[in-house]
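One file, run.txt, is given below (compact mmCIF, C-alpha atoms).
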```txt
# COMPACT_ATOMS: atom_id res chain seq x y z
CA MET A 250 98.82 155.93 122.53
CA ASP A 251 102.63 155.65 122.59
CA TYR A 252 103.44 152.80 120.22
CA SER A 253 106.96 151.52 119.62
CA ARG A 254 107.94 151.22 115.96
CA ARG A 255 107.85 147.43 116.13
CA SER A 256 104.42 147.35 117.78
CA PHE A 257 103.12 149.89 115.28
CA LEU A 258 104.29 147.82 112.29
CA ARG A 259 102.83 144.66 113.77
CA GLU A 260 99.49 146.31 114.35
CA ILE A 261 99.13 147.78 110.88
CA THR A 262 100.33 144.59 109.18
CA THR A 263 97.83 142.48 111.10
CA ALA A 264 95.06 144.93 110.37
CA SER A 265 95.87 145.07 106.66
CA LEU A 266 96.06 141.30 106.24
CA GLY A 267 92.94 140.80 108.26
CA ALA A 268 91.05 143.27 106.11
CA ALA A 269 92.19 141.43 103.00
CA GLY A 270 91.04 138.10 104.41
CA ALA A 271 94.58 136.67 104.20
CA TYR A 272 95.77 136.70 107.78
CA TRP A 273 96.43 133.28 109.25
CA LEU A 274 98.73 131.43 111.62
CA PRO A 275 100.05 127.90 110.85
CA THR A 276 99.42 125.14 113.36
CA LEU A 277 102.28 124.24 115.68
CA ALA A 278 100.91 120.83 116.58
CA PRO A 279 103.00 118.67 114.22
CA GLU A 280 101.73 115.29 115.41
CA LYS A 281 98.20 116.40 114.51
CA THR A 282 99.01 117.74 111.07
CA ALA A 283 96.34 116.89 108.51
CA GLY A 284 97.30 113.79 106.56
CA ASN A 285 99.51 112.31 109.30
CA LYS A 286 97.80 108.94 109.54
CA ALA A 287 100.57 106.98 111.20
CA PHE A 288 104.23 106.95 110.17
CA ASP A 289 104.50 104.12 112.68
CA ALA A 290 107.64 102.86 110.94
CA ILE A 291 109.54 105.93 112.18
CA PRO A 292 110.21 106.03 115.94
CA GLN A 293 111.46 108.88 118.10
CA GLU A 294 114.83 110.03 116.67
CA GLY A 295 114.15 107.56 113.86
CA ARG A 296 116.49 107.36 110.89
CA VAL A 297 115.20 107.53 107.32
CA LEU A 298 117.58 106.70 104.47
CA PHE A 299 116.95 107.43 100.79
CA GLN A 300 119.01 105.26 98.42
CA GLY A 301 119.22 105.11 94.66
CA ASP A 302 120.64 106.73 91.55
CA SER A 303 120.55 110.26 90.11
CA ILE A 304 116.82 110.68 90.73
CA THR A 305 117.50 110.31 94.44
CA ASP A 306 120.92 112.00 94.32
CA ALA A 307 119.43 115.15 92.74
CA GLY A 308 122.63 117.15 93.12
CA ARG A 309 123.13 116.44 96.81
CA ASP A 310 126.28 117.59 98.59
CA ARG A 311 128.23 114.35 99.06
CA GLU A 312 130.56 116.01 101.56
CA ALA A 313 127.63 116.65 103.92
CA GLU A 314 127.33 113.49 105.99
CA ALA A 315 125.28 114.70 108.96
CA ALA A 316 121.58 113.97 109.19
CA ASN A 317 119.24 116.42 107.47
CA THR A 318 122.05 117.98 105.40
CA GLY A 319 123.11 117.56 101.79
CA LEU A 320 119.73 116.14 100.77
CA GLY A 321 119.81 117.49 97.22
CA ARG A 322 116.93 119.25 95.47
CA GLY A 323 114.73 116.30 94.51
CA TYR A 324 111.99 114.16 95.99
CA ALA A 325 114.16 113.00 98.91
CA PHE A 326 114.69 116.60 100.03
CA LEU A 327 111.01 117.47 99.65
CA ALA A 328 109.82 114.34 101.44
CA ALA A 329 112.33 114.81 104.24
CA ALA A 330 111.31 118.44 104.71
CA GLN A 331 107.64 117.53 105.03
CA LEU A 332 108.43 114.55 107.23
CA ARG A 333 110.46 116.65 109.68
CA LYS A 334 107.75 119.29 109.77
CA THR A 335 104.97 116.77 110.31
CA LEU A 336 106.88 114.73 112.90
CA ALA A 337 108.76 117.59 114.53
CA GLU A 338 108.29 116.13 118.01
CA ARG A 339 110.04 112.93 116.89
CA ASN A 340 113.11 114.77 115.50
CA VAL A 341 113.42 112.44 112.51
CA GLN A 342 116.93 112.06 111.09
CA CYS A 343 117.01 111.94 107.27
CA PHE A 344 119.87 110.89 105.02
CA ASN A 345 120.33 110.81 101.24
CA ARG A 346 122.93 108.45 99.79
CA GLY A 347 121.76 108.28 96.17
CA ILE A 348 124.55 108.41 93.58
CA SER A 349 124.02 109.39 89.97
CA GLY A 350 124.47 106.62 87.43
CA HIS A 351 124.33 103.74 89.88
CA LYS A 352 122.89 100.31 89.26
CA VAL A 353 122.06 97.65 91.83
CA PHE A 354 125.51 96.09 91.94
CA GLN A 355 126.99 99.53 92.67
CA LEU A 356 124.63 99.95 95.60
CA ALA A 357 125.91 96.63 96.94
CA ASP A 358 129.53 97.80 96.65
CA ARG A 359 128.89 100.70 99.05
CA TRP A 360 126.11 99.20 101.19
CA GLN A 361 128.18 98.79 104.35
CA THR A 362 129.17 102.45 104.60
CA ASP A 363 126.11 104.02 103.02
CA THR A 364 123.43 101.84 104.59
CA TYR A 365 124.43 99.43 107.36
CA ASP A 366 126.59 101.97 109.17
CA LEU A 367 123.69 104.44 109.16
CA ASP A 368 121.38 101.83 110.73
CA PRO A 369 118.12 103.21 109.28
CA ASP A 370 114.69 102.49 110.73
CA LEU A 371 113.19 103.15 107.30
CA LEU A 372 115.15 102.37 104.14
CA SER A 373 113.83 103.68 100.81
CA ILE A 374 115.32 102.36 97.55
CA LEU A 375 114.65 103.60 94.02
CA ILE A 376 116.87 101.75 91.55
CA GLY A 377 116.53 100.20 88.12
CA VAL A 378 116.40 102.84 85.42
CA ASN A 379 120.17 102.67 84.86
CA ASP A 380 120.14 98.87 85.03
CA PHE A 381 118.13 99.06 81.81
CA TRP A 382 119.15 102.40 80.28
CA HIS A 383 122.86 101.60 80.28
CA THR A 384 122.25 98.37 78.34
CA LEU A 385 121.51 100.62 75.38
CA ASN A 386 125.16 101.74 75.50
CA ASP A 387 127.99 99.75 77.06
CA TYR A 388 126.48 97.76 79.95
CA ASP A 389 125.79 94.05 79.39
CA GLY A 390 123.27 93.61 82.21
CA THR A 391 119.91 91.90 81.80
CA VAL A 392 116.63 91.88 83.70
CA GLU A 393 117.76 88.58 85.21
CA VAL A 394 120.92 90.27 86.52
CA TYR A 395 118.83 93.11 87.93
CA GLU A 396 116.51 90.68 89.70
CA ARG A 397 119.36 88.56 91.08
CA ASP A 398 121.36 91.53 92.32
CA PHE A 399 118.35 93.27 93.86
CA ARG A 400 117.14 90.14 95.64
CA ASN A 401 120.60 89.33 96.99
CA LEU A 402 121.00 92.90 98.22
CA LEU A 403 117.75 92.74 100.14
CA ILE A 404 118.47 89.29 101.57
CA GLN A 405 121.70 90.68 103.02
CA THR A 406 119.91 93.82 104.18
CA ARG A 407 117.31 91.77 106.05
CA GLU A 408 120.12 89.89 107.78
CA GLN A 409 121.98 93.06 108.79
CA LEU A 410 118.95 95.26 109.50
CA PRO A 411 116.20 92.86 110.54
CA ASP A 412 113.99 95.56 112.06
CA ALA A 413 114.24 98.14 109.30
CA ARG A 414 111.13 98.82 107.26
CA LEU A 415 111.48 99.03 103.50
CA ILE A 416 110.07 101.18 100.72
CA ILE A 417 110.81 100.26 97.10
CA GLY A 418 110.06 102.75 94.36
CA GLU A 419 109.11 101.57 90.89
CA PRO A 420 111.58 102.69 88.20
CA PHE A 421 109.70 104.83 85.69
CA VAL A 422 110.03 106.47 82.31
CA ILE A 423 108.17 109.14 80.33
CA LEU A 424 108.29 108.08 76.69
CA GLU A 425 107.87 111.62 75.39
CA GLY A 426 111.07 112.71 77.12
CA SER A 427 113.99 114.02 75.11
CA ALA A 428 116.37 111.24 76.21
CA VAL A 429 113.97 108.35 75.65
CA SER A 430 113.17 106.33 72.55
CA GLU A 431 109.99 104.27 72.87
CA GLU A 432 111.31 101.77 70.35
CA GLU A 433 114.40 101.12 72.48
CA TRP A 434 112.71 101.17 75.88
CA MET A 435 109.51 99.23 75.30
CA PRO A 436 108.46 96.63 76.13
CA ASP A 437 111.72 95.50 77.79
CA PHE A 438 111.75 98.18 80.51
CA ARG A 439 108.39 96.96 81.79
CA GLU A 440 110.09 93.74 82.86
CA TYR A 441 112.33 95.72 85.20
CA GLN A 442 109.30 97.44 86.65
CA GLN A 443 107.61 94.10 87.23
CA VAL A 444 110.71 92.77 88.99
CA ALA A 445 110.73 95.76 91.36
CA LYS A 446 107.08 95.17 92.20
CA GLU A 447 107.56 91.46 92.81
CA ILE A 448 110.61 92.03 95.00
CA ALA A 449 108.70 94.59 97.05
CA MET A 450 105.99 92.02 97.67
CA GLU A 451 108.53 89.30 98.48
CA PHE A 452 110.26 91.44 101.12
CA GLU A 453 107.03 92.98 102.46
CA ALA A 454 108.13 96.46 101.45
CA GLY A 455 105.95 99.45 100.77
CA PHE A 456 105.77 99.82 96.98
CA ILE A 457 105.42 103.16 95.18
CA PRO A 458 103.93 102.72 91.67
CA TYR A 459 105.70 105.75 90.25
CA GLN A 460 104.83 104.86 86.66
CA SER A 461 101.13 105.02 87.46
CA VAL A 462 101.65 108.22 89.43
CA PHE A 463 103.26 109.94 86.44
CA ASN A 464 100.80 108.44 83.96
CA GLU A 465 97.87 109.77 85.96
CA ALA A 466 99.42 113.22 86.36
CA SER A 467 100.11 113.32 82.62
CA LYS A 468 96.40 113.08 81.86
CA HIS A 469 96.06 116.70 82.97
CA VAL A 470 99.18 118.37 81.56
CA GLU A 471 101.92 117.39 79.11
CA SER A 472 103.94 114.50 80.49
CA THR A 473 107.20 116.41 79.98
CA TYR A 474 105.98 118.93 82.56
CA TRP A 475 106.91 116.28 85.11
CA THR A 476 110.20 115.15 83.54
CA ALA A 477 111.64 116.86 80.49
CA ASP A 478 114.11 114.14 79.51
CA GLY A 479 111.79 111.28 80.46
CA VAL A 480 113.89 110.09 83.41
CA HIS A 481 114.86 112.94 85.73
CA PRO A 482 111.90 114.75 87.31
CA THR A 483 111.38 118.48 87.16
CA LEU A 484 110.61 120.44 90.32
CA ALA A 485 106.93 119.59 89.92
CA GLY A 486 107.78 115.96 89.21
CA SER A 487 109.91 115.79 92.33
CA GLN A 488 106.99 117.11 94.39
CA LEU A 489 104.75 114.49 92.81
CA MET A 490 107.22 111.79 93.84
CA ALA A 491 107.58 113.19 97.36
CA GLU A 492 103.83 113.13 97.91
CA ALA A 493 103.62 109.52 96.69
CA TRP A 494 106.53 108.60 98.96
CA LEU A 495 104.91 110.20 102.01
CA GLN A 496 101.60 108.48 101.35
CA THR A 497 103.42 105.14 101.24
CA ALA A 498 105.48 105.83 104.36
CA GLN A 499 102.33 106.79 106.29
CA ARG A 500 100.86 103.35 105.77
CA LEU A 501 103.79 101.12 106.67
```
What does this structure look like when you write it as structure tokens?
Amino acid sequence: MDYSRRSFLREITTASLGAAGAYWLPTLAPEKTAGNKAFDAIPQEGRVLFQGDSITDAGRDREAEAANTGLGRGYAFLAAAQLRKTLAERNVQCFNRGISGHKVFQLADRWQTDTYDLDPDLLSILIGVNDFWHTLNDYDGTVEVYERDFRNLLIQTREQLPDARLIIGEPFVILEGSAVSEEEWMPDFREYQQVAKEIAMEFEAGFIPYQSVFNEASKHVESTYWTADGVHPTLAGSQLMAEAWLQTAQRL
């Protein structure tokens, strides 16, 4: 037979992979992807906004303002990638506006431009580690300040974005990390985690128990596999966070 070069290569590649038992084709039915239980909080052309500090920032390109660009290399990027693949027919628009080092009051200072103007259908917030961590240096905040600022921010958000659904991530820490001292962090940091949980309940937000997620994962490998410094996740830790985020978003 008179094969073209392209046809010939396709035939032998298919035959070789098939013989090895490795030939497969991915599904192209995104709305029926395994694990897609609902995502009812995200409509057609829905907007998803990730907000927070350096864990969300994850080296994003702050000059990239368009949807689905400049998402960084952390959990927000990984979650957005899976979300857009799973909900391809909805053409979900994802944004990352996390900024390294930020505390709640700094979110509030930029909330108009970085949140209200984007008009998200789903707003995800992970904030709190700096509200505590920086008190060990030159910040005079307290857990009461964190609670007051966070609650006020969400009260205003509910007024401006009454239909937006919320996800709140629990601030977390790995005590074996190189940047963390258990003596300095515990038990005070747990109060910040409790505040985040209570506020999530108060505002009927999806809550991601990241501390439990990392604690459970650390039963199988060293905890620093997930975050070397105890605060910023590794690649594997970011994937762990993304999966927990997606599971929460599915159920809103």
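Nearest to Gly323 in chain A of all the residues A:Arg414, A:Lys468, A:His481, A:Lys446 is A:His481, counting all atoms listed in the file.
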Subject >> Selected residue of minimal separation from Ala493 in chain A among A:Leu402, A:Ile304, A:Ala413, A:Ala328, counting all atoms listed in the file >> reply: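 Nearest to Ala493 in chain A: A:Ala328.
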**OP:** Within 10 Å of Phe354 in chain A, counting all atoms listed in the file, which residues show up once you throw out same-chain ones fewer than 2 positions away? Write them as a count of residues only, please.
**Re:** 15
Original post:
Counting only C-alpha atoms, what is within 9 Å of range 331-348 of chain A, bar same-chain residues fewer than 5 positions away, as a PyMOL selection string?
Top reply: chain A and resi 278-283+285+288+291-309+311+314-321+325-326+356+363-364+367+369+374-375+491+495
Write a file of the selected residues as an mmCIF file, in the frame of the given file, keeping C-alpha atoms.
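Result went into again_22.cif, see below:
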```cif
data_model
loop_
_atom_site.group_PDB
_atom_site.id
_atom_site.type_symbol
_atom_site.label_atom_id
_atom_site.label_comp_id
_atom_site.auth_asym_id
_atom_site.auth_seq_id
_atom_site.Cartn_x
_atom_site.Cartn_y
_atom_site.Cartn_z
ATOM 1 C CA ALA A 278 100.910 120.830 116.580
ATOM 2 C CA PRO A 279 103.000 118.670 114.220
ATOM 3 C CA GLU A 280 101.730 115.290 115.410
ATOM 4 C CA LYS A 281 98.200 116.400 114.510
ATOM 5 C CA THR A 282 99.010 117.740 111.070
ATOM 6 C CA ALA A 283 96.340 116.890 108.510
ATOM 7 C CA ASN A 285 99.510 112.310 109.300
ATOM 8 C CA PHE A 288 104.230 106.950 110.170
ATOM 9 C CA ILE A 291 109.540 105.930 112.180
ATOM 10 C CA PRO A 292 110.210 106.030 115.940
ATOM 11 C CA GLN A 293 111.460 108.880 118.100
ATOM 12 C CA GLU A 294 114.830 110.030 116.670
ATOM 13 C CA GLY A 295 114.150 107.560 113.860
ATOM 14 C CA ARG A 296 116.490 107.360 110.890
ATOM 15 C CA VAL A 297 115.200 107.530 107.320
ATOM 16 C CA LEU A 298 117.580 106.700 104.470
ATOM 17 C CA PHE A 299 116.950 107.430 100.790
ATOM 18 C CA GLN A 300 119.010 105.260 98.420
ATOM 19 C CA GLY A 301 119.220 105.110 94.660
ATOM 20 C CA ASP A 302 120.640 106.730 91.550
ATOM 21 C CA SER A 303 120.550 110.260 90.110
ATOM 22 C CA ILE A 304 116.820 110.680 90.730
ATOM 23 C CA THR A 305 117.500 110.310 94.440
ATOM 24 C CA ASP A 306 120.920 112.000 94.320
ATOM 25 C CA ALA A 307 119.430 115.150 92.740
ATOM 26 C CA GLY A 308 122.630 117.150 93.120
ATOM 27 C CA ARG A 309 123.130 116.440 96.810
ATOM 28 C CA ARG A 311 128.230 114.350 99.060
ATOM 29 C CA GLU A 314 127.330 113.490 105.990
ATOM 30 C CA ALA A 315 125.280 114.700 108.960
ATOM 31 C CA ALA A 316 121.580 113.970 109.190
ATOM 32 C CA ASN A 317 119.240 116.420 107.470
ATOM 33 C CA THR A 318 122.050 117.980 105.400
ATOM 34 C CA GLY A 319 123.110 117.560 101.790
ATOM 35 C CA LEU A 320 119.730 116.140 100.770
ATOM 36 C CA GLY A 321 119.810 117.490 97.220
ATOM 37 C CA ALA A 325 114.160 113.000 98.910
ATOM 38 C CA PHE A 326 114.690 116.600 100.030
ATOM 39 C CA LEU A 356 124.630 99.950 95.600
ATOM 40 C CA ASP A 363 126.110 104.020 103.020
ATOM 41 C CA THR A 364 123.430 101.840 104.590
ATOM 42 C CA LEU A 367 123.690 104.440 109.160
ATOM 43 C CA PRO A 369 118.120 103.210 109.280
ATOM 44 C CA ILE A 374 115.320 102.360 97.550
ATOM 45 C CA LEU A 375 114.650 103.600 94.020
ATOM 46 C CA ALA A 491 107.580 113.190 97.360
ATOM 47 C CA LEU A 495 104.910 110.200 102.010
#
```
**OP:** Tell me, in Å to one decimal, how far CA of Ser472 in chain A is from CA of Ala454 in chain A.
**Re:**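 Pair CA of Ser472 in chain A / CA of Ala454 in chain A returns 28.0 Å.
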**OP:** For Leu484 in chain A, work out the shell of residues within 10 Å, counting all atoms listed in the file and skipping chain neighbours fewer than 6 positions away, then give it as a list in words.
**Re:**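 Surrounding residues, per the criterion: Arg322, Gly323, Tyr324, Leu327, Tyr474, Trp475, Thr476 and Met490 of chain A.
Remark: for Gly479 in chain A, the closest of the candidate residues A:Glu425, A:Glu431, A:Glu447, A:Asp368 is A:Glu425 (distances computed over only C-alpha atoms).
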